[in-house]
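This report concerns only the one structure given below.
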Amino acid sequence: MISSKEKYQGLIKSLKVKDVNVKYTNQLKIKLIRKIKNNDVLEIRKYLSSDTIKFIKKANEYGFV
Amino acid sequence: MKKIKNPIKTTGKDIKSLALLANKILTNETPYSITKNLIFKKLFQKKINMFDADVIRSRLIVIDATYSTNFNKRYYGFDDLIKHFKEFGKTDSELSNSFKEFLNETSNKLLDNEKLFGISKKGDVKGHGLSLISKYGYYLTKYKFPIYDSLAKEFLWKVNQNFDKNSIKKKDLSDCKKYFKIVQEVNDKLMIKDFDKLDNLLWLLGQINKGLLSQ
């Protein structure tokens, strides 16, 4: 989904994910979905394609993620 | 993550559209597509026209490493599996046909919950190799064979629950014969009719659910 290291780093920094052991990836998901649900996507558009944002939004609405 | 209280009820058309979107995302120069299109394409490009255990072993080792199916952790697992494959086809074409036959033929035991491969460090018989075998079949048949693993089972069930609640039992997905019957039915119901796109959908849902976006 994110093709480069720089973009992935950018997304993590932008979401302010704290690097705390096992819950780290959960934090990433929760914060990302929250932003997408609130249409607060201006920043994350730099790192994720509009298709990926659309996919996550739909998958969340359908209760899959 | 809190579960959504009232998820939007989907139709087959909605899911098909989501699967097409997943396919579009994943084929667009992602690490996933690079691995799939470059590494696996090359590995399976040269067809085996007579039995060649070394080629099969190389393919299995790469699939095992890429998908973390942990087959390398058991002793003689690859040897047992190569022998097993030989019973179902000595060439790529024969084995590929066996995989396709398995989907319709109940007596075909190419994938079998009871068939175990390799031994553990203590010398006990190890487990089945359904996940690795299905992935080998997926690439050998050019994506005409569905993938069987914990992620595919979990999201197949979740997706089906949304649009056709309780039509499948979760425990049936652990029985490989039933799983492959169910996956074909769901694929038809969803009008995807393409195991590759269905796999793209289930895989992407799994990655997002785990917060793994670097794929």
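Convention: chains lettered A, B, ... in structure tokens order; per-chain residue numbering from 1; ligands numbered from 1 as shown.
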
* To do: Write out as a PyMOL selection string which residues come within 10 Å of region 48-60 of chain A when counting only C-alpha atoms, dropping same-chain ones fewer than 5 positions away.
  => (chain A and resi 1-3+7-8+11+29+32-37+39+41+43+65) or (chain B and resi 3-4+7-8+14-15+17-19+21-22+24-26+159+201+204-205+208-209+213)

Those residues you just picked out, can you put them in a file as an mmCIF file, in the first residue's frame with C-alpha atoms?
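Ended up saving to part-v8.cif:
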```
data_model
loop_
_atom_site.group_PDB
_atom_site.id
_atom_site.type_symbol
_atom_site.label_atom_id
_atom_site.label_comp_id
_atom_site.auth_asym_id
_atom_site.auth_seq_id
_atom_site.Cartn_x
_atom_site.Cartn_y
_atom_site.Cartn_z
ATOM 1 C CA MET A 1 0.000 0.000 0.000
ATOM 2 C CA ILE A 2 2.784 2.398 0.860
ATOM 3 C CA SER A 3 5.530 1.935 -1.640
ATOM 4 C CA LYS A 7 6.066 7.724 2.887
ATOM 5 C CA TYR A 8 5.589 5.101 5.562
ATOM 6 C CA LEU A 11 2.461 8.483 7.866
ATOM 7 C CA LYS A 29 -4.984 1.334 12.517
ATOM 8 C CA LEU A 32 -5.877 6.075 10.696
ATOM 9 C CA ILE A 33 -9.488 4.902 10.696
ATOM 10 C CA ARG A 34 -10.488 7.711 13.047
ATOM 11 C CA LYS A 35 -8.993 10.296 10.708
ATOM 12 C CA ILE A 36 -10.621 8.758 7.649
ATOM 13 C CA LYS A 37 -14.024 8.538 9.353
ATOM 14 C CA ASN A 39 -12.707 13.187 6.821
ATOM 15 C CA VAL A 41 -7.445 13.272 5.394
ATOM 16 C CA GLU A 43 -2.303 15.232 5.788
ATOM 17 C CA VAL A 65 -11.762 -3.596 9.916
ATOM 18 C CA LYS B 3 -16.434 -2.929 16.492
ATOM 19 C CA ILE B 4 -18.821 -0.878 14.414
ATOM 20 C CA PRO B 7 -22.163 -1.875 9.873
ATOM 21 C CA ILE B 8 -23.663 -1.065 6.511
ATOM 22 C CA ASP B 14 -20.572 -3.857 -2.974
ATOM 23 C CA ILE B 15 -18.097 -6.602 -2.162
ATOM 24 C CA SER B 17 -16.504 -3.390 -6.073
ATOM 25 C CA LEU B 18 -14.326 -3.535 -2.927
ATOM 26 C CA ALA B 19 -12.431 -6.526 -4.346
ATOM 27 C CA LEU B 21 -10.509 -1.693 -5.569
ATOM 28 C CA ALA B 22 -8.209 -4.003 -3.568
ATOM 29 C CA LYS B 24 -6.246 -1.920 -8.178
ATOM 30 C CA ILE B 25 -4.394 -0.871 -5.010
ATOM 31 C CA LEU B 26 -2.250 -3.982 -4.868
ATOM 32 C CA VAL B 159 -17.242 -10.705 4.627
ATOM 33 C CA LEU B 201 -9.616 -8.413 -0.942
ATOM 34 C CA LEU B 204 -5.731 -6.325 2.089
ATOM 35 C CA LEU B 205 -8.406 -6.468 4.804
ATOM 36 C CA ILE B 208 -5.190 -3.166 7.362
ATOM 37 C CA ASN B 209 -6.690 -4.955 10.317
ATOM 38 C CA LEU B 213 0.498 -0.718 5.670
#
```

How close does region 85-119 of chain B get to region 165-176 of chain B? List, as a tab-separated table, each residue of region 85-119 of chain B within 8 Å, its nearest atom pair and the distance in Å to one decimal, counting only C-alpha atoms.
```
residue	atom	partner	partner_atom	distance
B:Leu111	CA	B:Cys176	CA	7.2
B:Asp112	CA	B:Cys176	CA	6.6
B:Asn113	CA	B:Cys176	CA	6.4
```

Could you pull the residues within 9 Å of Asp79 (chain B), counting only C-alpha atoms, minus those fewer than 5 positions along the same chain, as a list of chain:residue names? B:Ala53, B:Arg57, B:His84, B:Phe117, B:Gly118

What does the file look like for those residues with all heavy atoms, as a PDB file, in the first residue's frame?
```
ATOM      1  N   ALA B  53      12.819 -32.177  -8.367  1.00  0.00           N
ATOM      2  CA  ALA B  53      12.633 -31.874  -6.948  1.00  0.00           C
ATOM      3  C   ALA B  53      13.314 -30.562  -6.547  1.00  0.00           C
ATOM      4  O   ALA B  53      12.807 -29.834  -5.681  1.00  0.00           O
ATOM      5  CB  ALA B  53      13.187 -33.025  -6.110  1.00  0.00           C
ATOM      6  N   ARG B  57      11.530 -27.545  -4.687  1.00  0.00           N
ATOM      7  CA  ARG B  57      12.051 -27.135  -3.381  1.00  0.00           C
ATOM      8  C   ARG B  57      12.336 -25.626  -3.358  1.00  0.00           C
ATOM      9  O   ARG B  57      11.971 -24.935  -2.405  1.00  0.00           O
ATOM     10  CB  ARG B  57      13.332 -27.913  -3.056  1.00  0.00           C
ATOM     11  CG  ARG B  57      13.865 -27.662  -1.640  1.00  0.00           C
ATOM     12  CD  ARG B  57      15.179 -28.391  -1.438  1.00  0.00           C
ATOM     13  NE  ARG B  57      15.034 -29.821  -1.597  1.00  0.00           N
ATOM     14  CZ  ARG B  57      14.654 -30.658  -0.613  1.00  0.00           C
ATOM     15  NH1 ARG B  57      14.461 -30.187   0.592  1.00  0.00           N
ATOM     16  NH2 ARG B  57      14.506 -31.931  -0.829  1.00  0.00           N
ATOM     17  N   HIS B  84       4.898 -35.961  -1.871  1.00  0.00           N
ATOM     18  CA  HIS B  84       3.433 -35.891  -1.958  1.00  0.00           C
ATOM     19  C   HIS B  84       3.009 -35.290  -3.311  1.00  0.00           C
ATOM     20  O   HIS B  84       2.124 -35.822  -3.978  1.00  0.00           O
ATOM     21  CB  HIS B  84       2.912 -35.038  -0.793  1.00  0.00           C
ATOM     22  CG  HIS B  84       1.440 -34.841  -0.773  1.00  0.00           C
ATOM     23  ND1 HIS B  84       0.553 -35.872  -0.530  1.00  0.00           N
ATOM     24  CD2 HIS B  84       0.673 -33.730  -0.971  1.00  0.00           C
ATOM     25  CE1 HIS B  84      -0.693 -35.392  -0.572  1.00  0.00           C
ATOM     26  NE2 HIS B  84      -0.639 -34.112  -0.836  1.00  0.00           N
ATOM     27  N   PHE B 117       3.168 -33.606   7.367  1.00  0.00           N
ATOM     28  CA  PHE B 117       4.490 -33.521   6.726  1.00  0.00           C
ATOM     29  C   PHE B 117       5.575 -33.181   7.737  1.00  0.00           C
ATOM     30  O   PHE B 117       5.407 -32.272   8.546  1.00  0.00           O
ATOM     31  CB  PHE B 117       4.474 -32.447   5.635  1.00  0.00           C
ATOM     32  CG  PHE B 117       3.439 -32.678   4.578  1.00  0.00           C
ATOM     33  CD1 PHE B 117       2.199 -32.060   4.670  1.00  0.00           C
ATOM     34  CD2 PHE B 117       3.697 -33.523   3.508  1.00  0.00           C
ATOM     35  CE1 PHE B 117       1.232 -32.270   3.701  1.00  0.00           C
ATOM     36  CE2 PHE B 117       2.735 -33.734   2.534  1.00  0.00           C
ATOM     37  CZ  PHE B 117       1.496 -33.119   2.627  1.00  0.00           C
ATOM     38  N   GLY B 118       6.706 -33.892   7.660  1.00  0.00           N
ATOM     39  CA  GLY B 118       7.864 -33.580   8.483  1.00  0.00           C
ATOM     40  C   GLY B 118       7.726 -34.038   9.929  1.00  0.00           C
ATOM     41  O   GLY B 118       6.702 -34.581  10.346  1.00  0.00           O
TER      42      GLY B 118
END
```

Exercise for review: Apply DSSP to the backbone of this structure and, from region 4-137 of chain B, keep only the residues in alpha helix (DSSP H); write these as an NGL selection string.
Suggested key: :B and (12-26 or 31-34 or 41-45 or 53-67 or 77-88 or 92-102 or 130-137)

Within 10 Å of Gly127 (chain B) using only C-alpha atoms, minus same-chain residues under 3 positions, as a CSV table (one decimal) with all heavy atoms, in the first residue's frame:
```csv
chain,number,residue,atom,x,y,z
B,71,PHE,N,7.3,-23.6,7.4
B,71,PHE,CA,7.6,-25.0,7.1
B,71,PHE,C,9.0,-25.4,7.3
B,71,PHE,O,9.4,-26.5,7.6
B,71,PHE,CB,7.2,-25.2,5.6
B,71,PHE,CG,6.5,-26.5,5.3
B,71,PHE,CD1,5.2,-26.7,5.8
B,71,PHE,CD2,7.2,-27.5,4.7
B,71,PHE,CE1,4.6,-27.9,5.5
B,71,PHE,CE2,6.5,-28.7,4.5
B,71,PHE,CZ,5.2,-28.9,4.9
B,74,ARG,N,10.2,-27.3,10.5
B,74,ARG,CA,10.1,-28.8,10.8
B,74,ARG,C,11.1,-29.5,9.9
B,74,ARG,O,11.6,-29.1,8.9
B,74,ARG,CB,8.7,-29.2,10.5
B,74,ARG,CG,8.2,-28.9,9.1
B,74,ARG,CD,6.7,-29.3,8.9
B,74,ARG,NE,5.7,-28.3,9.1
B,74,ARG,CZ,4.5,-28.4,8.9
B,74,ARG,NH1,4.0,-29.5,8.4
B,74,ARG,NH2,3.6,-27.4,9.1
B,77,GLY,N,10.2,-31.7,6.2
B,77,GLY,CA,8.9,-31.2,5.7
B,77,GLY,C,8.8,-31.0,4.2
B,77,GLY,O,7.9,-31.5,3.5
B,113,ASN,N,-6.6,-32.5,5.5
B,113,ASN,CA,-6.3,-32.2,7.0
B,113,ASN,C,-5.5,-33.3,7.7
B,113,ASN,O,-4.8,-33.1,8.6
B,113,ASN,CB,-7.6,-32.0,7.7
B,113,ASN,CG,-8.2,-30.6,7.4
B,113,ASN,OD1,-8.8,-30.5,6.4
B,113,ASN,ND2,-8.0,-29.7,8.3
B,114,GLU,N,-5.7,-34.6,7.2
B,114,GLU,CA,-5.1,-35.7,7.9
B,114,GLU,C,-3.7,-36.0,7.4
B,114,GLU,O,-2.9,-36.7,8.1
B,114,GLU,CB,-5.9,-37.0,7.6
B,114,GLU,CG,-7.4,-36.9,7.9
B,114,GLU,CD,-7.6,-36.7,9.4
B,114,GLU,OE1,-7.0,-37.4,10.1
B,114,GLU,OE2,-8.5,-35.9,9.7
B,115,LYS,N,-3.3,-35.4,6.3
B,115,LYS,CA,-1.9,-35.7,5.8
B,115,LYS,C,-0.9,-34.8,6.4
B,115,LYS,O,-1.0,-33.6,6.4
B,115,LYS,CB,-2.0,-35.5,4.2
B,115,LYS,CG,-0.7,-35.7,3.5
B,115,LYS,CD,-0.4,-37.1,3.3
B,115,LYS,CE,1.0,-37.3,2.7
B,115,LYS,NZ,1.4,-38.7,2.7
B,116,LEU,N,0.1,-35.4,7.1
B,116,LEU,CA,1.0,-34.6,7.9
B,116,LEU,C,2.4,-34.7,7.2
B,116,LEU,O,2.8,-35.7,6.6
B,116,LEU,CB,1.1,-35.1,9.3
B,116,LEU,CG,-0.3,-35.2,10.0
B,116,LEU,CD1,-0.1,-35.8,11.4
B,116,LEU,CD2,-0.9,-33.8,10.1
B,117,PHE,N,3.2,-33.6,7.4
B,117,PHE,CA,4.5,-33.5,6.7
B,117,PHE,C,5.6,-33.2,7.7
B,117,PHE,O,5.4,-32.3,8.5
B,117,PHE,CB,4.5,-32.4,5.6
B,117,PHE,CG,3.4,-32.7,4.6
B,117,PHE,CD1,2.2,-32.1,4.7
B,117,PHE,CD2,3.7,-33.5,3.5
B,117,PHE,CE1,1.2,-32.3,3.7
B,117,PHE,CE2,2.7,-33.7,2.5
B,117,PHE,CZ,1.5,-33.1,2.6
B,118,GLY,N,6.7,-33.9,7.7
B,118,GLY,CA,7.9,-33.6,8.5
B,118,GLY,C,7.7,-34.0,9.9
B,118,GLY,O,6.7,-34.6,10.3
B,119,ILE,N,8.8,-33.8,10.7
B,119,ILE,CA,8.8,-34.2,12.1
B,119,ILE,C,9.3,-33.0,12.9
B,119,ILE,O,10.1,-32.1,12.4
B,119,ILE,CB,9.7,-35.4,12.4
B,119,ILE,CG1,11.1,-35.2,11.8
B,119,ILE,CG2,9.0,-36.7,11.9
B,119,ILE,CD1,12.1,-36.3,12.2
B,120,SER,N,9.0,-33.0,14.2
B,120,SER,CA,9.5,-31.9,15.1
B,120,SER,C,10.9,-32.2,15.6
B,120,SER,O,11.4,-33.3,15.3
B,120,SER,CB,8.5,-31.7,16.2
B,120,SER,OG,8.6,-32.9,17.1
B,124,ASP,N,8.5,-36.1,16.8
B,124,ASP,CA,7.0,-36.3,16.6
B,124,ASP,C,6.6,-35.9,15.2
B,124,ASP,O,7.2,-35.0,14.6
B,124,ASP,CB,6.2,-35.5,17.6
B,124,ASP,CG,6.6,-35.8,19.0
B,124,ASP,OD1,7.0,-37.0,19.3
B,124,ASP,OD2,6.6,-34.9,19.9
B,130,LEU,N,-1.4,-27.2,4.7
B,130,LEU,CA,-2.4,-26.7,3.8
B,130,LEU,C,-2.1,-25.3,3.3
B,130,LEU,O,-2.4,-25.0,2.1
B,130,LEU,CB,-3.8,-26.7,4.6
B,130,LEU,CG,-4.2,-28.1,5.0
B,130,LEU,CD1,-5.5,-28.0,5.9
B,130,LEU,CD2,-4.5,-29.0,3.8
```

Min atom-atom distance to Gly63 (chain A) from the set B:Phe88, B:Phe163, B:Trp203, B:Tyr179, counting only C-alpha atoms, belongs to B:Phe163
